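Colleague: My questions all concern the structure below.
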Amino acid sequence: MKKLVSIIILNYNKYQYSLNCVKSLKDQTYRNFEVILIDNDSELDNYMKLKTEIKKLDPSFNLKLIRNEHNLYFGGGSNRGIKSSNGAYLCLLNNDVIVESDFIEKMVAFLEDHPEAAFITPKIKIYRNKSLIWNAGAYINYKTTIIVKNRGYRELDKDDIKYSEIEEIGFAPGTAVFFRRDIIEEIGLIDEIFFMYHEDPDWSLRALKKGYKTYYVPTAKVYHDVPIDMNKRRSLFNYFFFKRNSQILVWKHANLCQFLVFYYLFIYTNFIELVWHTLKRHRKKFYILLNAILRGLTIGYRRRTHRNSKKQMISDYYYAKRIQRL
């Protein structure tokens with residue numbers, strides 16, 4: 001019998017995206033799978049619409065809807081989905097992703113043939129313009145410091161010939177990633193201190209230290225329905241966590257040389273940004289950047305020295321809620 005696959009999808013106030021994602025899974029050629037749909041404390045109206053639409057699906061469709069009392073963000077929400085799942089293989093899928101009908105089959109086949117693979121990611125293209133790539137694997141620069149970079153972003157690929165080879169990569173983006181349950185039991189769940197951003201390279205680096213690899217599998221394809229209305233509030237939210245989390249990743253994994261090079265570049269570039277925000281009177285951005293730098297330093301140091309950072313994590317949870325209101 002084919003192994004069970006658990007597909008974990010997070011919803012936060014975007015029930016229609018989640019519904020479209022779920023519907024794209026209905027025609028999979030690989031049939032032994034379950035869907036764990038985690039609602040991250042969406043507004044009640046949004047959640048009820050999702051719940052109503054889910055009930056209209058075929059009763060034989062194996063789907064479990066779970067609602068969190070609080071927004072646990074990407075890390076916490078994904079971890080709850082993993083804990084609630086039963087599959088030997090698991091997949092984290094953004095709710096704004098549409099999959100091809102052989103997506104699961106091709107990903108499972110690769111994992112079956114490559115026992116050394118901890119994480120694998122498909123070729124990700126842009127749903128609203130399928131001739132453009134969203135992600136073709138992601139890399140980590142180890143030579144001088146730890147800097148993460150996505151490959152192929154918005155590159156033209158009309159004939160689907162770019163990045164067409166299977167490759168070992170630095171990390172698999174959380175947009176669409178397959179992995180093994182037994183390896184997660186060995187290396188641990190997503191580090192929830194990240195909330196969102198940089199938790200995926202952290203996961204792959206932890207697997208690499210245990211001797212496992214991460215691969216890009218272009219024979220499997222998904223499409224990212226990227227929203228075009230990236231509003232200011234969302235932008236500030238992303239800005240904070242990107243600056244904060246890039247430091248935490250380095251504190252957790254860098255050697256001394258990588259650490260020094262990173263902070264040389266980080267201090268230089270962010271000092272310029274702080275001066276720019278001051279001159280332009282961008283008070284909110286100045287305040288958020290300064291807090292991101294200080295909080296990243298504090299949490300990173302605590303993680304490096306194995307000190308308890310739970311209080312800082314709780315503090316940042318409420319700080320994140322404040323940013324969302326700006």
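Scheme for the structure tokens: letters A, B, ... for chains in order shown; per-chain residue numbers from 1; ligand numbers from 1 in order shown.
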I'd like the neighbourhood of Gly211 of chain A as a list in words, where a residue qualifies if any of its atoms comes within 10 Å (using only C-alpha atoms), though same-chain residues fewer than 3 positions away should be ignored.
Modeller: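 The residues satisfying every condition are Glu116, Ala117, Ala118, Leu205, Arg206, Ala207 and Leu208 of chain A.
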Colleague: Grab the residues selected above and save them as a CSV table (one decimal), in the first residue's frame with N, CA and C atoms.
Modeller:
chain,number,residue,atom,x,y,z
A,116,GLU,N,18.4,9.8,1.4
A,116,GLU,CA,19.2,10.9,2.0
A,116,GLU,C,18.5,12.2,2.0
A,117,ALA,N,17.4,12.4,1.3
A,117,ALA,CA,16.7,13.6,1.2
A,117,ALA,C,15.8,13.9,2.4
A,118,ALA,N,16.1,15.1,3.0
A,118,ALA,CA,15.2,15.5,4.1
A,118,ALA,C,14.1,16.3,3.6
A,205,LEU,N,19.4,23.6,7.4
A,205,LEU,CA,20.7,23.6,8.0
A,205,LEU,C,20.8,22.6,9.2
A,206,ARG,N,19.7,22.5,9.9
A,206,ARG,CA,19.7,21.5,11.0
A,206,ARG,C,19.7,20.1,10.4
A,207,ALA,N,19.0,19.9,9.3
A,207,ALA,CA,19.1,18.6,8.6
A,207,ALA,C,20.5,18.3,8.1
A,208,LEU,N,21.1,19.3,7.5
A,208,LEU,CA,22.4,19.2,6.9
A,208,LEU,C,23.4,18.7,7.9
Colleague: Just the alpha helix (DSSP H) stuff from segment 34-234 of chain A, please, per backbone DSSP, written as JSON, numbers by chain.
Modeller: {"A": [44, 45, 46, 47, 48, 49, 50, 51, 52, 53, 54, 55, 73, 74, 75, 76, 77, 78, 79, 80, 81, 82, 83, 103, 104, 105, 106, 107, 108, 109, 110, 111, 112, 113, 181, 182, 183, 184, 185, 186, 187, 199, 200, 201, 202, 203, 204, 205, 206, 207, 208, 209, 232, 233, 234]}
Colleague: What is the distance, in Å and to one decimal place, between atom CA of Phe61 of chain A and atom CA of Val5 of chain A?
Modeller: 13.4 Å
Colleague: Could you name the residues that touch Ile147 of chain A at 10 Å or less, counting only C-alpha atoms, but leaving out those on the same chain fewer than 2 positions away, as number ranges by chain?
Modeller: A: 139-145, 149, 201, 246, 249-250, 258, 262
Colleague: Keeping only C-alpha atoms, write the selected residues to a file as a compact mmCIF listing (two decimals), in the first residue's frame.
Modeller:
# COMPACT_ATOMS: atom_id res chain seq x y z
CA TYR A 139 20.69 28.86 -1.78
CA ILE A 140 22.76 29.73 1.27
CA ASN A 141 26.08 31.51 0.80
CA TYR A 142 28.56 29.77 3.14
CA LYS A 143 31.77 31.21 1.69
CA THR A 144 31.91 34.40 3.72
CA THR A 145 28.75 34.45 5.79
CA LYS A 149 18.88 33.81 -1.65
CA PRO A 201 16.83 27.68 5.92
CA SER A 246 18.36 37.12 9.51
CA LEU A 249 19.75 32.44 11.74
CA VAL A 250 23.38 33.61 11.85
CA GLN A 258 30.83 34.04 9.07
CA PHE A 262 27.67 39.12 8.56
Colleague: List as JSON lines every residue of segment 81-185 of chain A that is in contact with segment 24-28 of chain A, defined as an atom at most 12 Å from one of its atoms (using only C-alpha atoms), together with the nearest atom pair and the distance in Å rounded to one decimal, sorted by chain and then rising number.
Modeller:
{"residue": "A:Leu93", "atom": "CA", "partner": "A:Leu25", "partner_atom": "CA", "distance": 10.9}
{"residue": "A:Asn95", "atom": "CA", "partner": "A:Ser24", "partner_atom": "CA", "distance": 10.8}
{"residue": "A:Asp96", "atom": "CA", "partner": "A:Ser24", "partner_atom": "CA", "distance": 10.9}
{"residue": "A:Val97", "atom": "CA", "partner": "A:Ser24", "partner_atom": "CA", "distance": 8.8}
{"residue": "A:Ile98", "atom": "CA", "partner": "A:Ser24", "partner_atom": "CA", "distance": 5.8}
{"residue": "A:Val99", "atom": "CA", "partner": "A:Ser24", "partner_atom": "CA", "distance": 5.9}
{"residue": "A:Glu100", "atom": "CA", "partner": "A:Ser24", "partner_atom": "CA", "distance": 7.4}
{"residue": "A:Ser101", "atom": "CA", "partner": "A:Gln28", "partner_atom": "CA", "distance": 4.5}
{"residue": "A:Asp102", "atom": "CA", "partner": "A:Gln28", "partner_atom": "CA", "distance": 5.8}
{"residue": "A:Phe103", "atom": "CA", "partner": "A:Gln28", "partner_atom": "CA", "distance": 7.3}
{"residue": "A:Ile104", "atom": "CA", "partner": "A:Gln28", "partner_atom": "CA", "distance": 7.0}
{"residue": "A:Glu105", "atom": "CA", "partner": "A:Gln28", "partner_atom": "CA", "distance": 7.8}
{"residue": "A:Lys106", "atom": "CA", "partner": "A:Gln28", "partner_atom": "CA", "distance": 10.6}
{"residue": "A:Met107", "atom": "CA", "partner": "A:Gln28", "partner_atom": "CA", "distance": 11.9}
Colleague: Please list as a ChimeraX atom specification every residue within 12 Å of Asn129 of chain A, counting only C-alpha atoms and excluding residues in the same chain fewer than 4 positions away.
Modeller: /A:124-125,133-134,154-158,223-226
Colleague: Calculate how many Å separate atom CA of Tyr17 of chain A from atom CA of Gly77 of chain A, rounding to one decimal.
Modeller: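 So the two atoms, atom CA of Tyr17 of chain A and atom CA of Gly77 of chain A, lie 16.8 Å apart.
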